[in-house]
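Asker: Quick one: structure below, then a few questions.
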Amino acid sequence: MDIHVFTLFPEMFRGPMDESMVGRAVAGRLVSLHLHNFRDYAPDKHHTVDDTPYGGGPGMVVKPEPLFSAVEAVLGPVPSCPIILLTPQGRPFRQAAAQRLAQFPTFALLCGHYGGVDERVREHLATEELSIGDYVLTGGELPAMVVIDAVVRLLPGVLGSQESTAEDSHAAVLLQAPLYTRPPLFRGWQVPEVLLSGDHQAIARWRRQQALLRTRERRPDLLAEAELSEEDRRFLQGLEP
C-alpha cells in the first residue's frame, strides 16, 4: 500500500510513524509512507501557502494553488485514488472507513492548517472529508496519523494474527468485551471463572454478552447498527432498564 500525505509539517510524522506496528509495516515494505511538503509547490518565490479570507474575518486560509499543484505533480492531473481532506467538518472517521481504505492500494491525505482551506480544495480536489472528532486541532497532521494507524494495522501481515483485528472494538460495531490475563487473582480481584473453565463455547457466549452489555452501557447508539441474533436480542431484553 502507498499512502501519500500532503502537509506543511512532514517532520511531525517522523517519530510516530517510525514506531510500533506502523514502523514495522514500513520497514517490512508492507506499506510505503510518502510525505510531501506542499509549500514546495507554491508558485511564488516566497513559497506562500496562505492568505487572508475574502470578505474579511480572523485567521488565514490555505491557498488552493500549492495543494492542487502538489497532488497533481505526485498523483497525476486526474488522480484515481481517494484523496481525503482531514477537517472537523468531515464525516466521523469510524472503523468501517478504516476497513474501506485498507482495500485501496493507494490513498492520499490532505492536512489543512491555519484557519482552514480554500473551499475549492473541498469541491474540486478532495474526494471525501473525514473528522476524528468534534473538536478543532491546529492542523490535519494528528488526524492523518490516526487514520494511517487505523488503516495500516488492518493490512495482512502487520499484526501477528488477523483474528486480532476481527475482535477489536468497533470491528463488528460492538465494543470489545473485557480482557484479562495472568495472574488469575490480583489484589483480590478475580478473573471471571468462565474464562478459566476451558469451555470455549461458554467463553464465546460470555464475551458476546459482555460486548453487548458494554455497548449498551457506553455506546447504545451502536446497537442500532449491529447485526444482532435472536439470542442477542433475548439477552438485551432480559437486562434491567
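Starting from 1 in every chain, residues are counted up; chains themselves are A, B, ... following the order of the C-alpha cells, and ligands are numbered from 1 as listed.
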Using DSSP on the backbone coordinates, identify the residues of range 109-230 of chain A assigned to strand (DSSP E or B); present them as a list in words.

Answerer: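 Those in range 109-230 of chain A that DSSP calls strand (DSSP E or B) are Leu109, Leu110, Cys111, His113, Val117, Glu128, Glu129, Leu130, Ser131, Gly139, Leu185, Phe186, Trp189 and Gln190 of chain A.
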
Asker: Find the spatial neighbours of Met21 in chain A, counting only C-alpha atoms, within a cut-off of 12 Å - ignore same-chain residues fewer than 6 positions away - and output them as a PyMOL selection string.

Answerer: chain A and resi 27-28+30-31+148-155+157-160

Asker: Could you save the residues just selected, with N, CA and C atoms, as a PDB file, in the first residue's frame?

Answerer:
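Just written: out_5.pdb:
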```
ATOM      1  N   ALA A  27       9.021  -0.703   7.611  1.00  0.00           N
ATOM      2  CA  ALA A  27      10.310  -1.390   7.497  1.00  0.00           C
ATOM      3  C   ALA A  27      10.179  -2.690   6.709  1.00  0.00           C
ATOM      4  N   GLY A  28       9.041  -3.372   6.869  1.00  0.00           N
ATOM      5  CA  GLY A  28       8.807  -4.626   6.156  1.00  0.00           C
ATOM      6  C   GLY A  28       8.242  -4.442   4.765  1.00  0.00           C
ATOM      7  N   LEU A  30       5.442  -3.441   3.796  1.00  0.00           N
ATOM      8  CA  LEU A  30       4.018  -3.708   3.627  1.00  0.00           C
ATOM      9  C   LEU A  30       3.274  -2.432   3.277  1.00  0.00           C
ATOM     10  N   VAL A  31       3.864  -1.302   3.640  1.00  0.00           N
ATOM     11  CA  VAL A  31       3.277  -0.005   3.324  1.00  0.00           C
ATOM     12  C   VAL A  31       4.404   0.985   3.074  1.00  0.00           C
ATOM     13  N   ILE A 148      -3.857   6.777   9.434  1.00  0.00           N
ATOM     14  CA  ILE A 148      -2.808   5.862   8.976  1.00  0.00           C
ATOM     15  C   ILE A 148      -2.693   4.667   9.912  1.00  0.00           C
ATOM     16  N   ASP A 149      -2.659   4.926  11.217  1.00  0.00           N
ATOM     17  CA  ASP A 149      -2.525   3.838  12.187  1.00  0.00           C
ATOM     18  C   ASP A 149      -3.700   2.875  12.094  1.00  0.00           C
ATOM     19  N   ALA A 150      -4.911   3.430  12.017  1.00  0.00           N
ATOM     20  CA  ALA A 150      -6.101   2.583  11.974  1.00  0.00           C
ATOM     21  C   ALA A 150      -6.153   1.721  10.714  1.00  0.00           C
ATOM     22  N   VAL A 151      -5.680   2.262   9.598  1.00  0.00           N
ATOM     23  CA  VAL A 151      -5.724   1.525   8.332  1.00  0.00           C
ATOM     24  C   VAL A 151      -4.594   0.505   8.253  1.00  0.00           C
ATOM     25  N   VAL A 152      -3.390   0.915   8.606  1.00  0.00           N
ATOM     26  CA  VAL A 152      -2.224   0.046   8.427  1.00  0.00           C
ATOM     27  C   VAL A 152      -2.345  -1.221   9.255  1.00  0.00           C
ATOM     28  N   ARG A 153      -2.870  -1.133  10.455  1.00  0.00           N
ATOM     29  CA  ARG A 153      -2.965  -2.322  11.300  1.00  0.00           C
ATOM     30  C   ARG A 153      -3.928  -3.366  10.735  1.00  0.00           C
ATOM     31  N   LEU A 154      -4.755  -2.968   9.769  1.00  0.00           N
ATOM     32  CA  LEU A 154      -5.686  -3.913   9.138  1.00  0.00           C
ATOM     33  C   LEU A 154      -5.065  -4.673   7.973  1.00  0.00           C
ATOM     34  N   LEU A 155      -3.891  -4.223   7.518  1.00  0.00           N
ATOM     35  CA  LEU A 155      -3.286  -4.857   6.351  1.00  0.00           C
ATOM     36  C   LEU A 155      -2.751  -6.247   6.707  1.00  0.00           C
ATOM     37  N   GLY A 157      -0.500  -9.227   7.443  1.00  0.00           N
ATOM     38  CA  GLY A 157       0.907  -9.334   7.807  1.00  0.00           C
ATOM     39  C   GLY A 157       1.387  -8.306   8.798  1.00  0.00           C
ATOM     40  N   VAL A 158       0.565  -7.280   9.097  1.00  0.00           N
ATOM     41  CA  VAL A 158       1.012  -6.235  10.026  1.00  0.00           C
ATOM     42  C   VAL A 158       0.908  -6.724  11.465  1.00  0.00           C
ATOM     43  N   LEU A 159      -0.240  -7.280  11.835  1.00  0.00           N
ATOM     44  CA  LEU A 159      -0.403  -7.848  13.160  1.00  0.00           C
ATOM     45  C   LEU A 159      -0.055  -9.329  13.128  1.00  0.00           C
ATOM     46  N   GLY A 160       0.207  -9.869  14.294  1.00  0.00           N
ATOM     47  CA  GLY A 160       0.569 -11.282  14.369  1.00  0.00           C
ATOM     48  C   GLY A 160      -0.560 -12.193  13.925  1.00  0.00           C
TER      49      GLY A 160
END
```

Asker: Range 12-50 of chain A near range 105-123 of chain A within 12 Å: what's each residue's closest atom pair and its distance in Å to one decimal, counting only C-alpha atoms, ordered by chain then ascending residue number, as a Markdown table?

Answerer:
```
| residue | atom | partner | partner_atom | distance |
| --- | --- | --- | --- | --- |
| A:Met12 | CA | A:Cys111 | CA | 11.7 |
| A:Phe13 | CA | A:Cys111 | CA | 11.9 |
| A:Leu30 | CA | A:Pro105 | CA | 10.8 |
| A:Val31 | CA | A:Pro105 | CA | 9.3 |
| A:Ser32 | CA | A:Thr106 | CA | 9.4 |
| A:Leu33 | CA | A:Ala108 | CA | 10.0 |
| A:His34 | CA | A:Ala108 | CA | 9.2 |
| A:Leu35 | CA | A:Leu109 | CA | 9.8 |
| A:His36 | CA | A:Leu110 | CA | 9.9 |
| A:Asn37 | CA | A:Cys111 | CA | 10.1 |
| A:Phe38 | CA | A:Leu110 | CA | 9.6 |
| A:Arg39 | CA | A:His113 | CA | 11.9 |
| A:Val49 | CA | A:His113 | CA | 9.8 |
| A:Asp50 | CA | A:Tyr114 | CA | 7.9 |
```

Asker: As an NGL selection string, please: every residue in range 38-154 of chain A that DSSP puts in alpha helix (DSSP H).

Answerer: :A and (64-75 or 95-101 or 119-124 or 141-152)

Asker: Neighbours of Tyr54 in chain A within 12 Å (only C-alpha atoms; same-chain residues fewer than 4 positions away dropped), as a list of chain:residue names?

Answerer: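 My reading of the contact set: A:Pro58, A:Gly59, A:Met60, A:Val61, A:Lys63, A:Asp118, A:Glu119.
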
Asker: Please produce an output containing C-alpha atoms for each residue in the selection, written as an mmCIF file, in the first residue's frame.

Answerer:
```
data_model
loop_
_atom_site.group_PDB
_atom_site.id
_atom_site.type_symbol
_atom_site.label_atom_id
_atom_site.label_comp_id
_atom_site.auth_asym_id
_atom_site.auth_seq_id
_atom_site.Cartn_x
_atom_site.Cartn_y
_atom_site.Cartn_z
ATOM 1 C CA PRO A 58 -9.874 36.296 11.533
ATOM 2 C CA GLY A 59 -7.144 33.835 10.630
ATOM 3 C CA MET A 60 -5.505 32.774 7.425
ATOM 4 C CA VAL A 61 -6.689 30.358 4.729
ATOM 5 C CA LYS A 63 -4.426 28.770 -0.771
ATOM 6 C CA ASP A 118 -9.896 27.327 0.303
ATOM 7 C CA GLU A 119 -13.323 25.873 -0.481
#
```

Asker: Give me, as a list of chain:residue names, all polymer residues having an atom no more than 8 Å from Ile132 in chain A, counting only C-alpha atoms and skipping those fewer than 4 positions away in the same chain.

Answerer: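 The residues that qualify are A:Pro88, A:Pro92, A:Phe93, A:Pro143, A:Val146.
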
Asker: Generate the output file for the selected residues, N, CA and C atoms, as a CSV table (one decimal), in the first residue's frame.

Answerer:
```csv
chain,number,residue,atom,x,y,z
A,88,PRO,N,-12.6,19.2,10.7
A,88,PRO,CA,-13.7,19.0,11.6
A,88,PRO,C,-15.0,18.9,11.0
A,92,PRO,N,-17.5,11.6,10.5
A,92,PRO,CA,-16.8,10.9,11.5
A,92,PRO,C,-16.0,9.7,11.0
A,93,PHE,N,-14.7,9.7,11.4
A,93,PHE,CA,-13.9,8.5,11.0
A,93,PHE,C,-14.2,7.4,11.9
A,143,PRO,N,-4.7,14.1,13.0
A,143,PRO,CA,-5.8,13.2,12.4
A,143,PRO,C,-5.2,12.3,11.3
A,146,VAL,N,-3.7,9.3,12.9
A,146,VAL,CA,-4.8,8.4,13.4
A,146,VAL,C,-5.3,7.5,12.3
```

Asker: Neighbouring residues of range 219-231 of chain A were defined as those with any atom within 9 Å, considering only C-alpha atoms; residues of the same chain fewer than 3 positions away were excluded. Please report them as a VMD selection string.

Answerer: chain A and resid 170 172 to 175 212 214 to 216 234 to 236

Asker: Those residues you just picked out, can you put them in a file as a short mmCIF file (atom, residue, chain, number, x, y, z; two decimals), in the first residue's frame with N, CA and C atoms?

Answerer:
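The file below, part.cif, is the result:
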```
data_model
loop_
_atom_site.label_atom_id
_atom_site.label_comp_id
_atom_site.auth_asym_id
_atom_site.auth_seq_id
_atom_site.Cartn_x
_atom_site.Cartn_y
_atom_site.Cartn_z
N HIS A 170 -15.49 -1.96 17.77
CA HIS A 170 -16.00 -1.35 16.55
C HIS A 170 -15.79 -2.21 15.30
N ALA A 172 -16.84 -5.18 14.70
CA ALA A 172 -18.16 -5.73 14.41
C ALA A 172 -19.23 -4.81 15.00
N VAL A 173 -18.95 -3.53 15.02
CA VAL A 173 -19.81 -2.46 15.54
C VAL A 173 -19.80 -2.43 17.07
N LEU A 174 -19.95 -3.60 17.72
CA LEU A 174 -19.98 -3.63 19.18
C LEU A 174 -18.62 -3.29 19.77
N LEU A 175 -18.64 -2.79 21.02
CA LEU A 175 -17.41 -2.58 21.75
C LEU A 175 -16.83 -3.93 22.19
N LEU A 212 -22.14 -6.95 24.28
CA LEU A 212 -23.47 -6.33 24.19
C LEU A 212 -23.74 -5.43 25.39
N ARG A 214 -21.53 -3.97 27.43
CA ARG A 214 -20.65 -2.79 27.43
C ARG A 214 -21.12 -1.77 26.39
N THR A 215 -21.54 -2.27 25.23
CA THR A 215 -22.03 -1.35 24.20
C THR A 215 -23.31 -0.67 24.65
N ARG A 216 -24.19 -1.41 25.27
CA ARG A 216 -25.44 -0.83 25.77
C ARG A 216 -25.18 0.25 26.81
N ARG A 234 -32.65 -11.50 22.94
CA ARG A 234 -33.22 -12.02 24.19
C ARG A 234 -32.37 -11.58 25.38
N PHE A 235 -31.05 -11.60 25.20
CA PHE A 235 -30.15 -11.18 26.28
C PHE A 235 -30.38 -9.71 26.62
N LEU A 236 -30.45 -8.86 25.61
CA LEU A 236 -30.65 -7.44 25.84
C LEU A 236 -32.02 -7.16 26.45
#
```
